[in-house]
Every structure is written in structure tokens, then in C-alpha cells.
file run-v4.csv (CSV, C-alpha atoms)
chain,number,residue,atom,x,y,z
A,1,MET,CA,0.0,0.0,0.0
A,2,ALA,CA,1.4,3.4,-1.0
A,3,ALA,CA,2.3,5.8,1.8
A,4,PRO,CA,-0.3,8.6,2.2
A,5,GLU,CA,0.7,12.0,0.8
A,6,ILE,CA,1.4,14.5,3.6
A,7,PRO,CA,1.2,18.2,2.9
A,8,LEU,CA,3.8,20.7,4.0
A,9,ARG,CA,1.2,23.1,5.6
A,10,GLN,CA,-1.8,22.6,7.7
A,11,LYS,CA,-4.5,24.6,9.6
A,12,ALA,CA,-4.3,25.0,13.4
A,13,VAL,CA,-6.2,26.9,16.1
A,14,ILE,CA,-3.8,29.0,18.2
A,15,TYR,CA,-4.1,31.0,21.4
A,16,ASP,CA,-3.1,34.3,19.9
A,17,LYS,CA,-3.6,36.4,23.0
A,18,PRO,CA,-3.3,34.1,26.1
A,19,GLY,CA,-5.0,35.5,29.1
A,20,THR,CA,-7.9,36.8,27.0
A,21,MET,CA,-10.8,35.1,25.2
A,22,SER,CA,-9.2,34.9,21.8
A,23,THR,CA,-8.3,32.1,19.3
A,24,ASN,CA,-7.3,32.3,15.7
A,25,VAL,CA,-7.3,29.8,12.8
A,26,THR,CA,-4.0,30.0,11.0
A,27,GLU,CA,-1.6,28.0,8.7
A,28,ILE,CA,1.5,26.4,10.1
A,29,ASP,CA,4.0,23.8,9.0
A,30,VAL,CA,3.1,20.2,9.4
A,31,PRO,CA,5.4,18.9,12.1
A,32,GLU,CA,8.1,16.2,11.6
A,33,PRO,CA,9.0,13.8,14.4
A,34,GLY,CA,12.6,14.5,15.3
A,35,SER,CA,15.0,11.8,16.0
A,36,GLY,CA,16.1,11.8,19.7
A,37,GLU,CA,13.3,14.3,20.6
A,38,VAL,CA,12.1,11.7,23.2
A,39,LEU,CA,13.1,8.2,23.9
A,40,ILE,CA,9.9,7.0,22.2
A,41,ASN,CA,9.7,7.4,18.5
A,42,LEU,CA,7.0,9.8,17.4
A,43,TYR,CA,4.7,9.8,14.4
A,44,ASP,CA,2.1,12.0,12.8
A,45,LEU,CA,-1.7,11.7,13.0
A,46,ILE,CA,-4.1,13.4,10.6
A,47,LEU,CA,-6.9,14.4,12.9
A,48,THR,CA,-10.6,14.3,12.2
A,49,HIS,CA,-12.0,15.5,15.5
A,50,SER,CA,-10.7,16.9,18.8
A,51,SER,CA,-12.8,17.4,21.9
A,52,VAL,CA,-12.5,20.6,23.9
A,53,CYS,CA,-11.8,20.2,27.6
A,54,HIS,CA,-12.3,22.8,30.3
A,55,SER,CA,-8.5,22.5,31.0
A,56,ASP,CA,-8.0,24.0,27.5
A,57,TYR,CA,-10.0,27.0,28.5
A,58,SER,CA,-7.9,27.3,31.8
A,59,ILE,CA,-4.7,27.1,29.8
A,60,MET,CA,-5.8,29.7,27.3
A,61,THR,CA,-6.9,32.2,30.0
A,62,THR,CA,-3.9,31.5,32.1
A,63,LYS,CA,-6.1,30.8,35.1
A,64,TRP,CA,-4.1,27.8,36.4
A,65,LYS,CA,-1.6,29.7,38.6
A,66,VAL,CA,0.0,26.4,39.5
A,67,LEU,CA,1.7,26.2,36.1
A,68,PRO,CA,5.3,27.3,35.9
A,69,TYR,CA,4.8,30.1,33.4
A,70,PRO,CA,2.0,31.9,31.5
A,71,THR,CA,0.7,30.3,28.3
A,72,GLN,CA,2.7,31.6,25.4
A,73,PRO,CA,1.2,33.2,22.3
A,74,GLY,CA,0.8,30.7,19.5
A,75,GLN,CA,0.1,27.8,21.8
A,76,ILE,CA,-1.9,24.9,20.1
A,77,SER,CA,-3.8,23.2,22.8
A,78,GLY,CA,-6.3,20.2,22.9
A,79,HIS,CA,-5.6,16.7,24.0
A,80,GLU,CA,-8.5,14.5,22.9
A,81,GLY,CA,-7.9,13.9,19.2
A,82,ILE,CA,-9.0,11.2,16.9
A,83,GLY,CA,-7.3,10.5,13.6
A,84,GLU,CA,-5.4,8.2,11.3
A,85,VAL,CA,-1.8,7.2,11.5
A,86,VAL,CA,0.0,8.4,8.4
A,87,LYS,CA,3.7,8.1,9.4
A,88,LEU,CA,5.4,6.1,12.1
A,89,ARG,CA,8.6,4.5,13.1
A,90,TYR,CA,9.2,0.8,14.0
A,91,ILE,CA,5.8,0.2,15.6
A,92,HIS,CA,2.9,-1.7,13.9
A,93,GLN,CA,0.4,0.7,12.5
A,94,PRO,CA,-3.1,0.7,14.2
A,95,PRO,CA,-6.0,2.0,12.0
A,96,LEU,CA,-7.2,4.7,14.4
A,97,VAL,CA,-5.7,6.2,17.5
A,98,ASN,CA,-6.1,9.0,19.9
A,99,ALA,CA,-3.5,11.8,20.2
A,100,VAL,CA,-2.1,11.2,23.7
A,101,GLN,CA,-1.9,14.2,26.0
A,102,ILE,CA,1.3,13.1,27.9
A,103,GLU,CA,4.8,12.6,26.6
A,104,LEU,CA,6.9,10.5,28.8
A,105,SER,CA,10.7,9.8,28.8
A,106,GLY,CA,11.7,6.3,29.8
A,107,LEU,CA,10.1,3.8,32.2
A,108,ILE,CA,9.8,5.2,35.6
A,109,GLU,CA,8.2,3.9,38.8
A,110,PRO,CA,4.7,5.6,38.4
A,111,CYS,CA,4.4,4.1,34.9
A,112,GLU,CA,5.2,0.6,36.0
A,113,ALA,CA,2.6,1.0,38.7
A,114,GLY,CA,-0.1,1.9,36.2
A,115,CYS,CA,0.0,5.6,37.1
A,116,GLU,CA,1.4,7.1,33.9
A,117,ALA,CA,-0.3,10.5,34.5
A,118,LEU,CA,2.0,10.9,37.6
A,119,GLY,CA,5.2,10.4,35.7
A,120,PHE,CA,8.0,12.7,36.9
A,121,SER,CA,9.2,13.3,33.4
A,122,GLN,CA,5.8,14.0,31.8
A,123,LYS,CA,5.1,16.9,29.4
A,124,ALA,CA,1.5,17.9,29.1
A,125,SER,CA,1.2,18.5,25.4
A,126,ALA,CA,-1.6,21.0,25.5
A,127,TYR,CA,0.6,23.3,27.5
A,128,TYR,CA,4.3,22.4,26.8
A,129,THR,CA,4.0,21.4,23.2
A,130,ALA,CA,1.6,21.7,20.3
A,131,SER,CA,-1.3,19.2,20.5
A,132,THR,CA,-4.6,18.3,18.8
A,133,PHE,CA,-6.2,21.7,17.8
A,134,GLN,CA,-4.4,21.2,14.5
A,135,GLN,CA,-4.8,18.9,11.5
A,136,TYR,CA,-1.5,17.0,12.1
A,137,THR,CA,0.1,16.3,15.4
A,138,ARG,CA,2.7,14.0,16.9
A,139,ALA,CA,2.4,11.5,19.7
A,140,PRO,CA,4.5,8.7,21.3
A,141,ALA,CA,3.9,5.5,19.5
A,142,ASN,CA,3.2,3.4,22.6
A,143,TYR,CA,0.8,6.0,24.1
A,144,VAL,CA,-1.9,6.0,21.4
A,145,THR,CA,-5.1,4.0,21.8
A,146,PRO,CA,-6.9,2.1,18.9
A,147,ILE,CA,-10.4,3.4,18.4
A,148,LEU,CA,-13.1,0.8,17.9
A,149,ASP,CA,-14.9,0.7,14.6
A,150,GLU,CA,-18.3,1.0,16.3
A,151,LEU,CA,-17.5,4.5,17.5
A,152,ALA,CA,-17.8,7.7,15.4
A,153,SER,CA,-14.7,9.9,15.9
A,154,ASP,CA,-16.7,12.9,17.2
A,155,GLU,CA,-18.4,10.6,19.8
A,156,ALA,CA,-15.1,8.9,20.8
A,157,ALA,CA,-13.0,12.0,21.3
A,158,PRO,CA,-14.6,13.1,24.6
A,159,THR,CA,-13.9,9.7,26.1
A,160,LEU,CA,-10.2,10.2,25.8
A,161,CYS,CA,-9.9,12.6,28.7
A,162,ALA,CA,-13.4,13.1,30.3
A,163,GLY,CA,-14.3,9.5,30.0
A,164,ILE,CA,-11.0,8.1,31.2
A,165,THR,CA,-10.8,10.6,34.0
A,166,ALA,CA,-14.3,9.8,35.2
A,167,TYR,CA,-13.7,6.1,35.0
A,168,SER,CA,-10.5,6.2,37.0
A,169,ALA,CA,-12.1,8.4,39.7
A,170,LEU,CA,-15.1,6.0,40.0
A,171,LYS,CA,-13.2,2.8,40.3
A,172,PRO,CA,-13.9,0.4,43.2
A,173,ARG,CA,-11.1,1.8,45.3
A,174,ASN,CA,-13.4,4.8,45.8
A,175,ALA,CA,-16.9,3.3,45.6
A,176,ARG,CA,-18.3,-0.2,45.1
A,177,PRO,CA,-21.4,-1.4,43.2
A,178,GLY,CA,-24.6,-0.5,45.1
A,179,GLN,CA,-23.0,2.4,46.9
A,180,TRP,CA,-24.0,6.1,46.8
A,181,VAL,CA,-21.9,8.5,44.7
A,182,ALA,CA,-22.5,12.2,44.5
A,183,ILE,CA,-21.2,13.9,41.4
A,184,PRO,CA,-20.9,17.7,41.7
A,185,GLY,CA,-20.6,19.3,38.2
A,186,ALA,CA,-22.8,16.6,36.6
A,187,GLY,CA,-24.0,18.8,33.8
A,188,GLY,CA,-20.5,19.4,32.3
A,189,GLY,CA,-18.5,17.3,29.9
A,190,LEU,CA,-16.7,15.3,32.5
A,191,GLY,CA,-19.6,15.1,34.9
A,192,HIS,CA,-22.3,13.9,32.5
A,193,ILE,CA,-20.1,11.0,31.5
A,194,ALA,CA,-19.3,10.2,35.2
A,195,VAL,CA,-23.0,9.9,35.9
A,196,GLN,CA,-23.5,7.4,33.1
A,197,LEU,CA,-20.5,5.4,34.1
A,198,ALA,CA,-21.4,5.3,37.7
A,199,SER,CA,-25.1,4.4,37.2
A,200,LYS,CA,-25.0,2.2,34.1
A,201,GLY,CA,-21.5,0.9,33.9
A,202,MET,CA,-20.4,0.4,37.5
A,203,GLY,CA,-23.7,-0.3,39.4
A,204,GLN,CA,-23.3,2.7,41.7
A,205,ARG,CA,-26.2,4.9,42.8
A,206,ALA,CA,-25.4,8.3,41.3
A,207,ILE,CA,-26.7,11.6,42.7
A,208,ARG,CA,-26.3,14.4,40.1
A,209,VAL,CA,-25.4,17.7,41.7
A,210,SER,CA,-25.6,20.6,39.2
A,211,GLY,CA,-27.5,23.7,38.3
A,212,ALA,CA,-28.2,22.0,34.9
A,213,GLU,CA,-29.5,18.6,36.2
A,214,HIS,CA,-32.7,17.6,37.8
A,215,PHE,CA,-31.7,15.6,40.8
A,216,VAL,CA,-30.1,18.1,43.2
A,217,ASP,CA,-30.6,21.4,41.5
A,218,ILE,CA,-28.1,23.8,43.1
A,219,THR,CA,-29.9,26.8,41.7
A,220,ARG,CA,-32.8,26.2,44.1
A,221,CYS,CA,-30.5,26.2,47.2
A,222,PRO,CA,-29.3,29.3,49.0
A,223,MET,CA,-25.8,30.4,48.1
A,224,ASP,CA,-25.0,31.9,51.5
A,225,ASP,CA,-25.6,28.9,53.9
A,226,ASP,CA,-22.2,27.2,53.4
A,227,GLY,CA,-23.9,24.3,51.5
A,228,ALA,CA,-26.2,23.4,54.4
A,229,ALA,CA,-29.4,23.1,52.1
A,230,ILE,CA,-27.6,21.0,49.5
A,231,SER,CA,-26.1,18.7,52.1
A,232,SER,CA,-29.4,18.2,53.8
A,233,HIS,CA,-31.0,17.2,50.5
A,234,VAL,CA,-28.2,14.7,49.7
A,235,MET,CA,-28.6,13.2,53.2
A,236,SER,CA,-32.3,12.8,52.7
A,237,LEU,CA,-31.7,10.8,49.6
A,238,THR,CA,-29.3,8.4,51.3
A,239,GLY,CA,-31.2,7.5,54.4
A,240,GLY,CA,-29.6,10.3,56.5
A,241,LEU,CA,-26.2,8.8,56.3
A,242,GLY,CA,-24.6,10.5,53.3
A,243,VAL,CA,-22.8,9.2,50.2
A,244,HIS,CA,-20.0,6.7,50.1
A,245,ALA,CA,-18.0,8.9,47.7
A,246,ALA,CA,-18.2,12.3,46.2
A,247,VAL,CA,-16.4,12.8,42.9
A,248,VAL,CA,-16.0,16.5,42.2
A,249,CYS,CA,-16.1,17.1,38.5
A,250,THR,CA,-16.2,20.9,38.6
A,251,CYS,CA,-13.4,23.5,39.1
A,252,SER,CA,-15.5,25.3,41.8
A,253,ASN,CA,-13.8,25.7,45.3
A,254,ALA,CA,-17.3,26.0,46.7
A,255,ALA,CA,-18.3,22.6,45.3
A,256,TYR,CA,-15.3,21.0,47.1
A,257,ALA,CA,-16.4,22.6,50.4
A,258,GLN,CA,-20.0,21.4,49.9
A,259,ALA,CA,-19.0,17.9,48.8
A,260,LEU,CA,-17.2,17.0,52.0
A,261,GLN,CA,-20.5,17.6,53.8
A,262,PHE,CA,-22.2,15.0,51.6
A,263,LEU,CA,-20.0,12.1,53.0
A,264,ARG,CA,-21.0,9.4,55.4
A,265,PHE,CA,-18.6,7.7,57.8
A,266,ASN,CA,-15.6,6.2,56.0
A,267,GLY,CA,-16.6,8.3,52.9
A,268,THR,CA,-14.2,9.4,50.2
A,269,LEU,CA,-13.9,12.8,48.5
A,270,VAL,CA,-12.3,12.4,45.1
A,271,CYS,CA,-10.7,15.6,43.7
A,272,VAL,CA,-10.9,15.7,39.9
A,273,GLY,CA,-11.8,19.2,38.8
A,274,VAL,CA,-8.9,21.7,39.1
A,275,PRO,CA,-9.9,25.0,40.6
A,276,GLU,CA,-8.7,28.1,38.8
A,277,ASN,CA,-6.8,31.2,39.9
A,278,GLY,CA,-4.8,31.0,43.2
A,279,PRO,CA,-4.7,27.7,45.0
A,280,LYS,CA,-7.1,27.5,48.0
A,281,PRO,CA,-7.5,24.7,50.6
A,282,ILE,CA,-10.9,23.0,50.9
A,283,ALA,CA,-12.8,25.3,53.2
A,284,SER,CA,-14.6,22.5,55.2
A,285,ALA,CA,-11.7,20.2,55.6
A,286,LEU,CA,-11.4,20.6,59.4
A,287,PRO,CA,-9.2,17.9,60.9
A,288,ALA,CA,-11.4,17.2,63.9
A,289,THR,CA,-14.5,16.8,61.8
A,290,LYS,CA,-12.8,14.4,59.4
A,291,MET,CA,-11.3,12.4,62.2
A,292,GLY,CA,-14.7,12.0,63.7
A,293,ASN,CA,-16.2,10.3,60.6
A,294,HIS,CA,-13.0,8.7,59.1
A,295,CYS,CA,-13.3,10.6,55.8
A,296,THR,CA,-10.6,10.3,53.2
A,297,ILE,CA,-9.7,13.0,50.7
A,298,THR,CA,-7.9,11.7,47.6
A,299,GLY,CA,-7.2,12.8,44.0
A,300,SER,CA,-7.5,11.2,40.6
A,301,ALA,CA,-5.6,12.5,37.5
A,302,VAL,CA,-6.7,11.1,34.2
A,303,GLY,CA,-6.0,7.4,34.1
A,304,ASN,CA,-3.8,4.9,32.4
A,305,ARG,CA,-3.7,3.0,29.1
A,306,ARG,CA,-5.9,0.1,30.4
A,307,ASP,CA,-8.4,2.7,31.6
A,308,ALA,CA,-8.5,4.1,28.1
A,309,ILE,CA,-9.3,0.8,26.5
A,310,GLU,CA,-12.0,-0.1,29.1
A,311,THR,CA,-13.6,3.3,28.8
A,312,LEU,CA,-13.8,3.0,25.0
A,313,ASP,CA,-15.4,-0.5,25.5
A,314,PHE,CA,-18.1,1.2,27.6
A,315,ALA,CA,-18.7,3.7,24.9
A,316,ALA,CA,-18.9,1.0,22.2
A,317,LEU,CA,-21.5,-0.9,24.2
A,318,GLY,CA,-23.7,2.2,24.5
A,319,ILE,CA,-23.2,2.6,28.2
A,320,ILE,CA,-21.6,6.0,27.7
A,321,LYS,CA,-23.5,8.3,25.3
A,322,THR,CA,-21.7,11.6,25.1
A,323,HIS,CA,-23.8,14.7,24.5
A,324,VAL,CA,-21.8,16.3,21.7
A,325,ARG,CA,-22.0,19.7,20.0
A,326,THR,CA,-19.7,19.7,16.9
A,327,GLY,CA,-18.3,22.9,15.3
A,328,ARG,CA,-15.6,24.0,12.9
A,329,MET,CA,-12.2,25.2,14.1
A,330,ALA,CA,-13.3,28.8,14.0
A,331,THR,CA,-16.0,28.1,16.7
A,332,LEU,CA,-13.4,27.5,19.4
A,333,THR,CA,-13.6,31.0,20.9
A,334,GLY,CA,-17.4,30.6,21.2
A,335,VAL,CA,-17.0,27.3,23.0
A,336,PHE,CA,-14.7,28.9,25.5
A,337,GLU,CA,-17.2,31.8,26.0
A,338,ALA,CA,-19.9,29.3,26.8
A,339,MET,CA,-17.6,27.6,29.3
A,340,GLU,CA,-16.9,30.9,31.0
A,341,MET,CA,-20.6,31.6,31.3
A,342,GLY,CA,-21.4,28.1,32.5
A,343,THR,CA,-23.9,27.5,29.6
A,344,LEU,CA,-22.0,24.7,27.8
A,345,GLN,CA,-23.8,21.3,28.3
A,346,GLY,CA,-22.0,18.1,27.6
A,347,GLU,CA,-18.9,18.2,25.3
A,348,ALA,CA,-17.9,20.5,22.5
A,349,VAL,CA,-16.0,18.8,19.6
A,350,LEU,CA,-14.0,20.5,16.8
A,351,ASP,CA,-14.3,19.2,13.3
A,352,LEU,CA,-10.7,19.7,12.1
A,353,SER,CA,-11.4,19.4,8.4
A,354,GLY,CA,-11.0,23.2,8.1

call {"tool": "encode", "arguments": {"input": "run-v4.csv", "output": "C-alpha cells"}}
result
Amino acid sequence: MAAPEIPLRQKAVIYDKPGTMSTNVTEIDVPEPGSGEVLINLYDLILTHSSVCHSDYSIMTTKWKVLPYPTQPGQISGHEGIGEVVKLRYIHQPPLVNAVQIELSGLIEPCEAGCEALGFSQKASAYYTASTFQQYTRAPANYVTPILDELASDEAAPTLCAGITAYSALKPRNARPGQWVAIPGAGGGLGHIAVQLASKGMGQRAIRVSGAEHFVDITRCPMDDDGAAISSHVMSLTGGLGVHAAVVCTCSNAAYAQALQFLRFNGTLVCVGVPENGPKPIASALPATKMGNHCTITGSAVGNRRDAIETLDFAALGIIKTHVRTGRMATLTGVFEAMEMGTLQGEAVLDLSG
């Protein structure tokens, strides 16, 4: 079979004025994988779709103050890309892959323990390097995931970050089948997938907590009572005991403070959403209170390669059905504006054909 023809130029969406709500579709060179760039040989993907994550918005607006330096003009973000392999080195060619969001150098202890996202030598490609808001991108050959034929690429793209992250956070180490799980931020891209995975995929009893959902509607609760009304409602749903786990899928500091109050004895708070601006401790995490009911606070960052495969299996079986809004590359600024206003429901996906 003849090798596909690869152009010299491509379209990309760049952050032209980081710190503001501004993106621009421009033409750039198609990248070449450089020998010795990393220890893993890299190859190019011609992308068809890329999902838009809230972290992309945070990077563009430079709201994550924990990052070492402000986002640079010209940054190409994104990390949930679907496409076709058109050039590779030494590795067998899979038909469809996702453009991985982490580049790793060598085998290190977190990787061997199944915690690739915690690797000490990682480079988050949406921030450090150009990623999937372009028509061609590079990725480490052993960190791409074959996409099942049953999945359309625009539906599969959101599972590659939101789906994997939700699945990893909901695993049995945090909540078992039949147990109660509260999901603050259930109306967003990550949260609405977490609800489906918990209730239909993992046999957990999910409580949706969001202004956009209909189980615990935060818009009907006072905003100045330190979460007392919301907590009381969650308690009433769980026989007065509270939930076994709360998986926080929003970047709201207030949601973290409220979620701790949802927990029963031996309950677990799972930190998933990354709050923006300056770092703040969880307001309700008082040592004496947590000692009294044996609560655990833990974190969950993305997942590993096995999580990716299992999450895609859930999607192929119809257990996950992502609510997708698809637009062209030029619509990215509008997507970010909807994120800022809190009006974006489900996942936004870019069609990278132009």
C-alpha cells in the first residue's frame, strides 16, 4: 500500500492572546517527528476531531496559577484527538488512534505501577507542546489508543480525557457497586459521563449535583448557607447517612467545600476538577470533623492505558453516550465563552477538516 501524501502546511487553532478570550485559525508547517526528541519514536496523525476540555480554557486564559509560566502566544492546545496514522517508526500501524496528552521519557516507577499520569518526566502536550487543535500532530507510538470501529470519531473524542478521568475516579477503590456516589458538576463534559459510568457501567447509585441537572438542582438552594441546604437534601436521599463517595467534576472551590459535607462515615472525597486562579484549601476540611467520621480525601488524575481501553469499551456498548456539540475550528472562541458563562452542556468537539 502506498504511503499517504502528507502536505507541507496545515491549519491550526492557536491561542493568539493568552489571558484573553481569543483564538485564531492559521496556517503552520506540518510537524516532523525529530530523532532523539524523546526516547519514544513519534509519528504524525491526521486528525478528524478533537474534543474541547475545560482545561484547554484554563490554559488559554492562564487561570491555572500552579503552572510554571504563563501560556505563550501561538500555543496549540487540545488533548482529545481522533485521527489516522500516516507516518510512524518501527511500531505496527493501528488504524485509528487518539493523540495522547502526555509525553513520557523512559520507564519510571509511576508508569510501572499503572500511574502514567503521575510520571516525573511528563510533558502535558496541551501546554508544553503543540497538540490536537491542528490537522496533524505528533504522539509517542506506545501512548496512542486504537479506536473501535463501532464509535464515530466525534463521539469517541470526549472519552479520551473526560471518559478516562471519570472512569478512573469512580473505580472500586473509591466506591463499590450499590453504593451512593455524588457527582458535583454533573452537567458538564466530565460530569455527565461520570453519571452514566457510575449508574449504568459500575452499578453505583449516582446523585447528580448541578445547576443543569434535575436531581439536586443547586440553583434552588441558598448560596450563603455554606452548603447546608444541598447537604441536607443529599442526606435525605441516602437515608440520612450520606454518600460513600463524592467525585467532584467541577473547578469550583465552593463545590469542594460542599461535597465534603455529603459524605457518610468512611466516605471518600475524590478531587478531579482543578480550581482556577490562586490555590485554595478545601474550606470545610477541618481535621477534627474528618477524624470524627473517618473521611478520606484523595485525588484522581486522568488514568492509564488500560483505563482508556476499558472506557472505549463502555462507549462501544452504548453505556456512555456523550452529549456532543460539533463545530468547525473557528468556533473554538465561542466554545470557551460558553464555558466561562457556564452554559455549555456536555462536550464540544471540533471538526478539524477546516

call {"tool": "residues_around", "arguments": {"input": "run-v4.csv", "residues": "A:Tyr128", "least_positions_apart": "4", "cutoff": "9 Å", "atoms": "only C-alpha atoms", "output": "number ranges by chain"}}
result
A: 71, 75, 123-124

call {"tool": "atom_distance", "arguments": {"input": "run-v4.csv", "atom1": "atom CA of A:Ser300", "atom2": "atom CA of A:Val272"}}
result
5.7 Å

call {"tool": "closest_residue", "arguments": {"input": "run-v4.csv", "among": "A:Leu8, A:Leu332, A:Leu237, A:Leu118", "to": "A:Tyr57", "atoms": "all atoms listed in the file"}}
result
A:Leu332

call {"tool": "atom_distance", "arguments": {"input": "run-v4.csv", "atom1": "atom CA of A:Gly239", "atom2": "atom CA of A:Gln261"}}
result
14.7 Å

call {"tool": "residues_around", "arguments": {"input": "run-v4.csv", "residues": "A:Ala330", "least_positions_apart": "3", "cutoff": "10 Å", "atoms": "only C-alpha atoms", "output": "PDB file with C-alpha atoms, in the coordinates of the input"}}
result
ATOM      1  CA  ALA A  12      -4.300  25.000  13.400  1.00  0.00           C
ATOM      2  CA  VAL A  13      -6.200  26.900  16.100  1.00  0.00           C
ATOM      3  CA  THR A  23      -8.300  32.100  19.300  1.00  0.00           C
ATOM      4  CA  ASN A  24      -7.300  32.300  15.700  1.00  0.00           C
ATOM      5  CA  VAL A  25      -7.300  29.800  12.800  1.00  0.00           C
ATOM      6  CA  THR A  26      -4.000  30.000  11.000  1.00  0.00           C
ATOM      7  CA  GLY A 327     -18.300  22.900  15.300  1.00  0.00           C
ATOM      8  CA  THR A 333     -13.600  31.000  20.900  1.00  0.00           C
ATOM      9  CA  GLY A 334     -17.400  30.600  21.200  1.00  0.00           C
ATOM     10  CA  VAL A 335     -17.000  27.300  23.000  1.00  0.00           C
ATOM     11  CA  LEU A 350     -14.000  20.500  16.800  1.00  0.00           C
ATOM     12  CA  ASP A 351     -14.300  19.200  13.300  1.00  0.00           C
ATOM     13  CA  LEU A 352     -10.700  19.700  12.100  1.00  0.00           C
ATOM     14  CA  GLY A 354     -11.000  23.200   8.100  1.00  0.00           C
TER      15      GLY A 354
END

call {"tool": "atom_distance", "arguments": {"input": "run-v4.csv", "atom1": "atom CA of A:Asp154", "atom2": "atom CA of A:Ser125"}}
result
20.5 Å

call {"tool": "closest_residue", "arguments": {"input": "run-v4.csv", "among": "A:Arg173, A:Arg264, A:Lys321, A:His294", "to": "A:Leu197", "atoms": "all atoms listed in the file"}}
result
A:Lys321

call {"tool": "residues_around", "arguments": {"input": "run-v4.csv", "residues": "A:Leu241", "least_positions_apart": "6", "cutoff": "10 Å", "atoms": "all atoms listed in the file", "output": "MDAnalysis selection string"}}
result
chainID A and resid 234:235 262:265

call {"tool": "write_last_selection", "arguments": {"input": "run-v4.csv", "atoms": "C-alpha atoms", "output": "JSON list (two decimals), keeping the file's coordinate frame"}}
result
[["chain", "number", "residue", "atom", "x", "y", "z"],
["A", 234, "VAL", "CA", -28.20, 14.70, 49.70],
["A", 235, "MET", "CA", -28.60, 13.20, 53.20],
["A", 262, "PHE", "CA", -22.20, 15.00, 51.60],
["A", 263, "LEU", "CA", -20.00, 12.10, 53.00],
["A", 264, "ARG", "CA", -21.00, 9.40, 55.40],
["A", 265, "PHE", "CA", -18.60, 7.70, 57.80]]

call {"tool": "residues_around", "arguments": {"input": "run-v4.csv", "residues": "A:Leu190", "least_positions_apart": "3", "cutoff": "9 Å", "atoms": "only C-alpha atoms", "output": "PyMOL selection string"}}
result
chain A and resi 53-54+158-159+161-163+165-166+185-187+193-195+249-250+273+346-347

call {"tool": "closest_residue", "arguments": {"input": "run-v4.csv", "among": "A:Thr311, A:Ser77, A:Thr238, A:Asn253", "to": "A:Gly201", "atoms": "all atoms listed in the file"}}
result
A:Thr311

call {"tool": "closest_residue", "arguments": {"input": "run-v4.csv", "among": "A:Arg9, A:Val86, A:Cys111, A:Ser50", "to": "A:Arg306", "atoms": "all atoms listed in the file"}}
result
A:Cys111

call {"tool": "closest_residue", "arguments": {"input": "run-v4.csv", "among": "A:Val247, A:Ala139, A:Val85, A:Val324", "to": "A:Val270", "atoms": "only C-alpha atoms"}}
result
A:Val247

call {"tool": "residues_around", "arguments": {"input": "run-v4.csv", "residues": "A:Tyr136", "least_positions_apart": "4", "cutoff": "12 Å", "atoms": "only C-alpha atoms", "output": "JSON, numbers by chain"}}
result
{"A": [6, 7, 8, 9, 10, 11, 12, 13, 27, 28, 29, 30, 31, 32, 33, 43, 44, 45, 46, 47, 48, 49, 50, 76, 81, 82, 83, 84, 85, 86, 87, 99, 130, 131, 132, 352, 353]}

call {"tool": "build_atoms", "arguments": {"input": "run-v4.csv", "residues": "stretch 126-144 of chain A", "atoms": "N, CA and C atoms", "output": "mmCIF file, in the coordinates of the input"}}
result
data_model
loop_
_atom_site.group_PDB
_atom_site.id
_atom_site.type_symbol
_atom_site.label_atom_id
_atom_site.label_comp_id
_atom_site.auth_asym_id
_atom_site.auth_seq_id
_atom_site.Cartn_x
_atom_site.Cartn_y
_atom_site.Cartn_z
ATOM 1 N N ALA A 126 -0.781 19.845 25.762
ATOM 2 C CA ALA A 126 -1.600 21.000 25.500
ATOM 3 C C ALA A 126 -1.044 22.290 26.057
ATOM 4 N N TYR A 127 0.015 22.164 26.855
ATOM 5 C CA TYR A 127 0.600 23.300 27.500
ATOM 6 C C TYR A 127 2.102 23.471 27.090
ATOM 7 N N TYR A 128 2.861 22.378 27.149
ATOM 8 C CA TYR A 128 4.300 22.400 26.800
ATOM 9 C C TYR A 128 4.561 22.329 25.341
ATOM 10 N N THR A 129 3.754 21.573 24.627
ATOM 11 C CA THR A 129 4.000 21.400 23.200
ATOM 12 C C THR A 129 2.672 21.515 22.433
ATOM 13 N N ALA A 130 2.767 21.605 21.113
ATOM 14 C CA ALA A 130 1.600 21.700 20.300
ATOM 15 C C ALA A 130 0.812 20.383 20.314
ATOM 16 N N SER A 131 -0.528 20.465 20.306
ATOM 17 C CA SER A 131 -1.300 19.200 20.500
ATOM 18 C C SER A 131 -2.391 19.119 19.409
ATOM 19 N N THR A 132 -3.635 18.865 19.793
ATOM 20 C CA THR A 132 -4.600 18.300 18.800
ATOM 21 C C THR A 132 -5.571 19.370 18.232
ATOM 22 N N PHE A 133 -5.422 20.657 18.499
ATOM 23 C CA PHE A 133 -6.200 21.700 17.800
ATOM 24 C C PHE A 133 -5.496 22.028 16.475
ATOM 25 N N GLN A 134 -5.078 21.017 15.747
ATOM 26 C CA GLN A 134 -4.400 21.200 14.500
ATOM 27 C C GLN A 134 -4.689 19.941 13.625
ATOM 28 N N GLN A 135 -4.407 20.001 12.353
ATOM 29 C CA GLN A 135 -4.800 18.900 11.500
ATOM 30 C C GLN A 135 -3.760 17.747 11.493
ATOM 31 N N TYR A 136 -2.548 18.022 11.897
ATOM 32 C CA TYR A 136 -1.500 17.000 12.100
ATOM 33 C C TYR A 136 -0.869 17.218 13.426
ATOM 34 N N THR A 137 -0.596 16.146 14.152
ATOM 35 C CA THR A 137 0.100 16.300 15.400
ATOM 36 C C THR A 137 1.009 15.074 15.614
ATOM 37 N N ARG A 138 1.847 15.138 16.623
ATOM 38 C CA ARG A 138 2.700 14.000 16.900
ATOM 39 C C ARG A 138 2.359 13.408 18.256
ATOM 40 N N ALA A 139 2.700 12.151 18.432
ATOM 41 C CA ALA A 139 2.400 11.500 19.700
ATOM 42 C C ALA A 139 3.366 10.288 19.860
ATOM 43 N N PRO A 140 3.699 9.932 21.084
ATOM 44 C CA PRO A 140 4.500 8.700 21.300
ATOM 45 C C PRO A 140 3.805 7.491 20.828
ATOM 46 N N ALA A 141 4.535 6.640 20.140
ATOM 47 C CA ALA A 141 3.900 5.500 19.500
ATOM 48 C C ALA A 141 3.246 4.541 20.470
ATOM 49 N N ASN A 142 3.778 4.396 21.674
ATOM 50 C CA ASN A 142 3.200 3.400 22.600
ATOM 51 C C ASN A 142 2.173 4.099 23.552
ATOM 52 N N TYR A 143 1.772 5.343 23.250
ATOM 53 C CA TYR A 143 0.800 6.000 24.100
ATOM 54 C C TYR A 143 -0.433 6.467 23.229
ATOM 55 N N VAL A 144 -0.707 5.758 22.162
ATOM 56 C CA VAL A 144 -1.900 6.000 21.400
ATOM 57 C C VAL A 144 -2.848 4.811 21.575
#
